[in-house]
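A.B. asks: Hey, dropping data16.txt in here, compact mmCIF, N, CA and C atoms:
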# COMPACT_ATOMS: atom_id res chain seq x y z
N MET A 1 -54.34 -45.45 69.74
CA MET A 1 -54.13 -44.09 70.15
C MET A 1 -53.12 -43.46 69.20
N GLN A 2 -53.36 -42.23 68.81
CA GLN A 2 -52.46 -41.49 67.93
C GLN A 2 -51.88 -40.31 68.69
N SER A 3 -50.56 -40.14 68.61
CA SER A 3 -49.91 -38.97 69.20
C SER A 3 -49.18 -38.22 68.10
N SER A 4 -48.95 -36.94 68.33
CA SER A 4 -48.27 -36.14 67.32
C SER A 4 -47.44 -35.05 67.98
N VAL A 5 -46.39 -34.66 67.28
CA VAL A 5 -45.56 -33.54 67.68
C VAL A 5 -45.20 -32.80 66.40
N GLY A 6 -45.15 -31.47 66.46
CA GLY A 6 -44.88 -30.74 65.24
C GLY A 6 -44.51 -29.29 65.45
N LEU A 7 -44.26 -28.65 64.35
CA LEU A 7 -43.93 -27.22 64.31
C LEU A 7 -44.83 -26.53 63.31
N LYS A 8 -45.22 -25.30 63.64
CA LYS A 8 -46.05 -24.51 62.74
C LYS A 8 -45.47 -23.11 62.68
N ALA A 9 -45.28 -22.62 61.46
CA ALA A 9 -44.80 -21.25 61.25
C ALA A 9 -45.85 -20.52 60.43
N TYR A 10 -46.13 -19.28 60.84
CA TYR A 10 -47.13 -18.51 60.12
C TYR A 10 -46.72 -17.04 60.09
N MET A 11 -47.30 -16.33 59.15
CA MET A 11 -47.06 -14.90 59.03
C MET A 11 -48.24 -14.18 59.68
N ALA A 12 -47.95 -13.32 60.65
CA ALA A 12 -49.00 -12.58 61.35
C ALA A 12 -49.03 -11.15 60.84
N ASN A 13 -50.22 -10.62 60.69
CA ASN A 13 -50.41 -9.24 60.28
C ASN A 13 -50.44 -8.38 61.54
N SER A 14 -49.50 -7.46 61.66
CA SER A 14 -49.44 -6.64 62.87
C SER A 14 -50.39 -5.45 62.83
N SER A 15 -50.98 -5.18 61.69
CA SER A 15 -51.91 -4.06 61.56
C SER A 15 -53.30 -4.48 62.00
N THR A 16 -53.90 -3.71 62.90
CA THR A 16 -55.27 -4.00 63.35
C THR A 16 -56.28 -3.14 62.61
N ALA A 17 -55.82 -2.32 61.67
CA ALA A 17 -56.71 -1.43 60.94
C ALA A 17 -57.55 -2.18 59.90
N GLN A 18 -57.07 -3.32 59.44
CA GLN A 18 -57.80 -4.07 58.43
C GLN A 18 -58.91 -4.90 59.07
N ALA A 19 -60.07 -4.91 58.43
CA ALA A 19 -61.18 -5.73 58.92
C ALA A 19 -60.94 -7.20 58.60
N ALA A 20 -60.39 -7.47 57.42
CA ALA A 20 -60.12 -8.85 57.01
C ALA A 20 -58.62 -9.11 57.05
N THR A 21 -58.23 -10.26 57.60
CA THR A 21 -56.83 -10.62 57.67
C THR A 21 -56.63 -12.04 57.15
N LEU A 22 -55.52 -12.27 56.48
CA LEU A 22 -55.14 -13.60 56.01
C LEU A 22 -53.84 -13.99 56.69
N GLN A 23 -53.74 -15.24 57.11
CA GLN A 23 -52.57 -15.72 57.82
C GLN A 23 -52.08 -17.02 57.16
N PRO A 24 -51.11 -16.92 56.21
CA PRO A 24 -50.56 -18.13 55.60
C PRO A 24 -49.69 -18.89 56.61
N PHE A 25 -49.63 -20.22 56.47
CA PHE A 25 -48.83 -21.02 57.39
C PHE A 25 -48.26 -22.25 56.68
N VAL A 26 -47.23 -22.78 57.30
CA VAL A 26 -46.64 -24.06 56.91
C VAL A 26 -46.46 -24.86 58.20
N GLU A 27 -46.72 -26.15 58.12
CA GLU A 27 -46.71 -26.99 59.32
C GLU A 27 -46.08 -28.34 58.99
N ILE A 28 -45.29 -28.86 59.91
CA ILE A 28 -44.71 -30.20 59.77
C ILE A 28 -44.96 -30.95 61.07
N ASN A 29 -45.44 -32.19 60.95
CA ASN A 29 -45.79 -32.99 62.12
C ASN A 29 -45.26 -34.41 61.98
N TRP A 30 -45.03 -35.04 63.10
CA TRP A 30 -44.74 -36.47 63.16
C TRP A 30 -45.90 -37.11 63.90
N LEU A 31 -46.58 -38.05 63.24
CA LEU A 31 -47.71 -38.76 63.83
C LEU A 31 -47.29 -40.19 64.16
N HIS A 32 -47.65 -40.63 65.35
CA HIS A 32 -47.34 -42.00 65.77
C HIS A 32 -48.63 -42.69 66.19
N ASN A 33 -48.90 -43.83 65.58
CA ASN A 33 -50.05 -44.65 65.94
C ASN A 33 -49.58 -45.84 66.76
N SER A 34 -50.16 -46.05 67.93
CA SER A 34 -49.71 -47.13 68.80
C SER A 34 -50.04 -48.51 68.22
N HIS A 35 -51.08 -48.59 67.42
CA HIS A 35 -51.45 -49.85 66.76
C HIS A 35 -51.75 -49.55 65.30
N PRO A 36 -51.46 -50.48 64.41
CA PRO A 36 -51.77 -50.24 62.99
C PRO A 36 -53.29 -50.25 62.76
N TYR A 37 -53.71 -49.51 61.74
CA TYR A 37 -55.11 -49.58 61.35
C TYR A 37 -55.36 -50.97 60.81
N ALA A 38 -56.42 -51.62 61.28
CA ALA A 38 -56.67 -53.00 60.88
C ALA A 38 -58.17 -53.27 60.88
N ILE A 39 -58.54 -54.29 60.13
CA ILE A 39 -59.92 -54.77 60.11
C ILE A 39 -59.88 -56.29 60.16
N SER A 40 -60.78 -56.87 60.94
CA SER A 40 -60.86 -58.33 61.06
C SER A 40 -62.10 -58.83 60.34
N MET A 41 -61.90 -59.89 59.55
CA MET A 41 -63.01 -60.52 58.83
C MET A 41 -62.88 -62.02 59.00
N ASP A 42 -63.88 -62.64 59.54
CA ASP A 42 -63.83 -64.08 59.84
C ASP A 42 -62.57 -64.38 60.65
N ASP A 43 -61.69 -65.21 60.14
CA ASP A 43 -60.48 -65.57 60.86
C ASP A 43 -59.27 -64.77 60.40
N GLY A 44 -59.44 -63.81 59.51
CA GLY A 44 -58.31 -63.06 58.97
C GLY A 44 -58.32 -61.61 59.43
N GLN A 45 -57.16 -61.00 59.33
CA GLN A 45 -57.02 -59.59 59.68
C GLN A 45 -56.18 -58.90 58.61
N VAL A 46 -56.61 -57.72 58.19
CA VAL A 46 -55.90 -56.93 57.19
C VAL A 46 -55.42 -55.65 57.87
N GLU A 47 -54.10 -55.39 57.80
CA GLU A 47 -53.52 -54.19 58.40
C GLU A 47 -53.00 -53.26 57.32
N GLN A 48 -53.01 -51.98 57.61
CA GLN A 48 -52.49 -50.98 56.70
C GLN A 48 -51.01 -50.78 57.00
N ASP A 49 -50.14 -51.16 56.08
CA ASP A 49 -48.70 -50.99 56.26
C ASP A 49 -48.31 -49.52 56.18
N GLY A 50 -47.29 -49.15 56.95
CA GLY A 50 -46.73 -47.81 56.84
C GLY A 50 -47.43 -46.75 57.64
N SER A 51 -48.45 -47.09 58.42
CA SER A 51 -49.19 -46.06 59.14
C SER A 51 -48.78 -45.93 60.60
N LYS A 52 -47.72 -46.61 61.03
CA LYS A 52 -47.29 -46.51 62.43
C LYS A 52 -46.61 -45.16 62.70
N ASN A 53 -45.69 -44.75 61.85
CA ASN A 53 -45.01 -43.45 61.95
C ASN A 53 -45.19 -42.71 60.63
N ILE A 54 -45.77 -41.52 60.70
CA ILE A 54 -46.12 -40.77 59.50
C ILE A 54 -45.55 -39.36 59.59
N ALA A 55 -44.93 -38.92 58.50
CA ALA A 55 -44.51 -37.52 58.38
C ALA A 55 -45.64 -36.77 57.68
N GLU A 56 -46.06 -35.65 58.26
CA GLU A 56 -47.18 -34.87 57.72
C GLU A 56 -46.72 -33.46 57.41
N PHE A 57 -47.06 -32.97 56.23
CA PHE A 57 -46.73 -31.62 55.79
C PHE A 57 -48.02 -30.91 55.42
N LYS A 58 -48.19 -29.68 55.94
CA LYS A 58 -49.38 -28.89 55.64
C LYS A 58 -48.97 -27.51 55.15
N LEU A 59 -49.72 -27.00 54.20
CA LEU A 59 -49.54 -25.66 53.68
C LEU A 59 -50.93 -25.06 53.55
N GLY A 60 -51.14 -23.86 54.10
CA GLY A 60 -52.49 -23.32 54.06
C GLY A 60 -52.57 -21.87 54.45
N VAL A 61 -53.80 -21.42 54.60
CA VAL A 61 -54.08 -20.05 55.00
C VAL A 61 -55.34 -20.03 55.87
N ASN A 62 -55.28 -19.25 56.94
CA ASN A 62 -56.44 -18.98 57.79
C ASN A 62 -56.84 -17.54 57.55
N GLY A 63 -58.12 -17.27 57.50
CA GLY A 63 -58.58 -15.90 57.27
C GLY A 63 -59.68 -15.49 58.22
N GLN A 64 -59.59 -14.27 58.69
CA GLN A 64 -60.66 -13.68 59.51
C GLN A 64 -61.31 -12.63 58.64
N ILE A 65 -62.53 -12.89 58.15
CA ILE A 65 -63.17 -11.97 57.21
C ILE A 65 -64.06 -10.94 57.90
N SER A 66 -64.41 -11.19 59.14
CA SER A 66 -65.13 -10.23 59.97
C SER A 66 -64.90 -10.65 61.42
N PRO A 67 -65.33 -9.84 62.39
CA PRO A 67 -65.14 -10.25 63.79
C PRO A 67 -65.82 -11.59 64.13
N ASN A 68 -66.86 -11.95 63.38
CA ASN A 68 -67.61 -13.18 63.67
C ASN A 68 -67.36 -14.31 62.68
N ALA A 69 -66.68 -14.05 61.58
CA ALA A 69 -66.55 -15.06 60.52
C ALA A 69 -65.09 -15.32 60.16
N GLY A 70 -64.79 -16.59 59.97
CA GLY A 70 -63.45 -16.98 59.57
C GLY A 70 -63.49 -18.09 58.53
N VAL A 71 -62.44 -18.20 57.74
CA VAL A 71 -62.33 -19.23 56.71
C VAL A 71 -60.94 -19.86 56.80
N TRP A 72 -60.79 -21.07 56.27
CA TRP A 72 -59.47 -21.69 56.19
C TRP A 72 -59.40 -22.61 54.99
N LEU A 73 -58.19 -22.79 54.51
CA LEU A 73 -57.89 -23.68 53.40
C LEU A 73 -56.51 -24.27 53.65
N ASN A 74 -56.38 -25.60 53.56
CA ASN A 74 -55.06 -26.19 53.67
C ASN A 74 -54.96 -27.45 52.84
N ALA A 75 -53.73 -27.73 52.41
CA ALA A 75 -53.40 -28.95 51.68
C ALA A 75 -52.46 -29.77 52.56
N THR A 76 -52.69 -31.07 52.62
CA THR A 76 -51.92 -31.95 53.50
C THR A 76 -51.34 -33.11 52.70
N SER A 77 -50.11 -33.46 53.04
CA SER A 77 -49.45 -34.63 52.47
C SER A 77 -48.89 -35.45 53.62
N GLN A 78 -49.21 -36.75 53.64
CA GLN A 78 -48.70 -37.65 54.66
C GLN A 78 -47.88 -38.75 53.99
N LEU A 79 -46.70 -39.02 54.55
CA LEU A 79 -45.81 -40.03 53.99
C LEU A 79 -45.37 -40.98 55.09
N GLY A 80 -45.40 -42.30 54.78
CA GLY A 80 -44.98 -43.31 55.73
C GLY A 80 -44.17 -44.38 55.03
N SER A 81 -43.78 -45.39 55.79
CA SER A 81 -43.01 -46.48 55.19
C SER A 81 -43.89 -47.34 54.29
N ASN A 82 -43.26 -48.23 53.53
CA ASN A 82 -43.97 -49.14 52.62
C ASN A 82 -44.85 -48.40 51.62
N ASP A 83 -44.36 -47.27 51.13
CA ASP A 83 -45.08 -46.45 50.14
C ASP A 83 -46.43 -45.93 50.62
N TYR A 84 -46.60 -45.77 51.93
CA TYR A 84 -47.84 -45.18 52.47
C TYR A 84 -47.90 -43.72 52.05
N ARG A 85 -49.01 -43.31 51.45
CA ARG A 85 -49.24 -41.93 51.01
C ARG A 85 -50.69 -41.57 51.29
N ASN A 86 -50.89 -40.33 51.73
CA ASN A 86 -52.24 -39.82 51.94
C ASN A 86 -52.21 -38.32 51.63
N TYR A 87 -53.10 -37.87 50.78
CA TYR A 87 -53.16 -36.46 50.40
C TYR A 87 -54.56 -35.94 50.65
N GLY A 88 -54.64 -34.66 51.03
CA GLY A 88 -55.96 -34.10 51.29
C GLY A 88 -55.98 -32.59 51.18
N VAL A 89 -57.18 -32.06 50.99
CA VAL A 89 -57.42 -30.63 50.95
C VAL A 89 -58.63 -30.37 51.84
N LYS A 90 -58.54 -29.35 52.68
CA LYS A 90 -59.66 -28.97 53.55
C LYS A 90 -60.00 -27.51 53.33
N VAL A 91 -61.29 -27.24 53.27
CA VAL A 91 -61.82 -25.89 53.16
C VAL A 91 -62.88 -25.75 54.25
N GLY A 92 -62.86 -24.64 54.97
CA GLY A 92 -63.84 -24.50 56.03
C GLY A 92 -64.29 -23.05 56.23
N PHE A 93 -65.42 -22.94 56.90
CA PHE A 93 -66.01 -21.64 57.24
C PHE A 93 -66.56 -21.73 58.65
N LYS A 94 -66.32 -20.69 59.43
CA LYS A 94 -66.80 -20.65 60.81
C LYS A 94 -67.49 -19.31 61.06
N TYR A 95 -68.66 -19.38 61.65
CA TYR A 95 -69.38 -18.16 62.03
C TYR A 95 -69.77 -18.27 63.50
N SER A 96 -69.38 -17.30 64.29
CA SER A 96 -69.72 -17.26 65.72
C SER A 96 -70.77 -16.19 65.98
N PHE A 97 -71.75 -16.52 66.78
CA PHE A 97 -72.78 -15.52 67.13
C PHE A 97 -73.08 -15.57 68.59
Taking this structure as input, can you express it in the form of structure tokens?

C.D. replies:
Amino acid sequence: MQSSVGLKAYMANSSTAQAATLQPFVEINWLHNSHPYAISMDDGQVEQDGSKNIAEFKLGVNGQISPNAGVWLNATSQLGSNDYRNYGVKVGFKYSF
């Protein structure tokens, strides 16, 4: 089981006159895994060190390009003990009808 706690700060556009809005954000989270990631093969087990407690940093932007369509982009960095590192980029599009 993974639990997390964090803070997110973003800039909101107070003007409703614009059809398209962009909302940049920064986020910091603490992730806790109750058990390490592991795989068992025959009589052995391999565990991923440093993944029990992870500091996560995100920087990104959410955009509403129309009343029905939205986009997002964010970059993520995760840091843990024993030189655990994980980096990622996500891009997405959502259309509601």

A.B. asks: Applying 12 Å and only C-alpha atoms, which residues near Gly50 in chain A remain after dropping the ones on its own chain fewer than 2 positions away? List them as a list in words.

C.D. replies: Leu31, His32, Asn33, His35, Pro36, Tyr37, Ala38, Glu47, Gln48, Lys52, Asn53, Ile54, Ala55, Gln78, Leu79, Gly80, Ser81, Asn82, Asp83, Tyr84, Arg85 and Asn86 of chain A

A.B. asks: Would you give me, as an NGL selection string, the residues in chain A that DSSP reads as strand (DSSP E)?

C.D. replies: :A and (2-10 or 21-33 or 38-41 or 44-47 or 53-64 or 69-80 or 85-95)

A.B. asks: CA of Tyr95 in chain A and CA of Leu59 in chain A are how many Å apart?

C.D. replies: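 CA of Tyr95 in chain A sits 22.8 Å away from CA of Leu59 in chain A.
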
A.B. asks: Grab the atom N of Ile39 in chain A to atom N of Met1 in chain A distance for me, in Å with one decimal place.

C.D. replies: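 Taking atom N of Ile39 in chain A and atom N of Met1 in chain A, their separation equals 13.7 Å.
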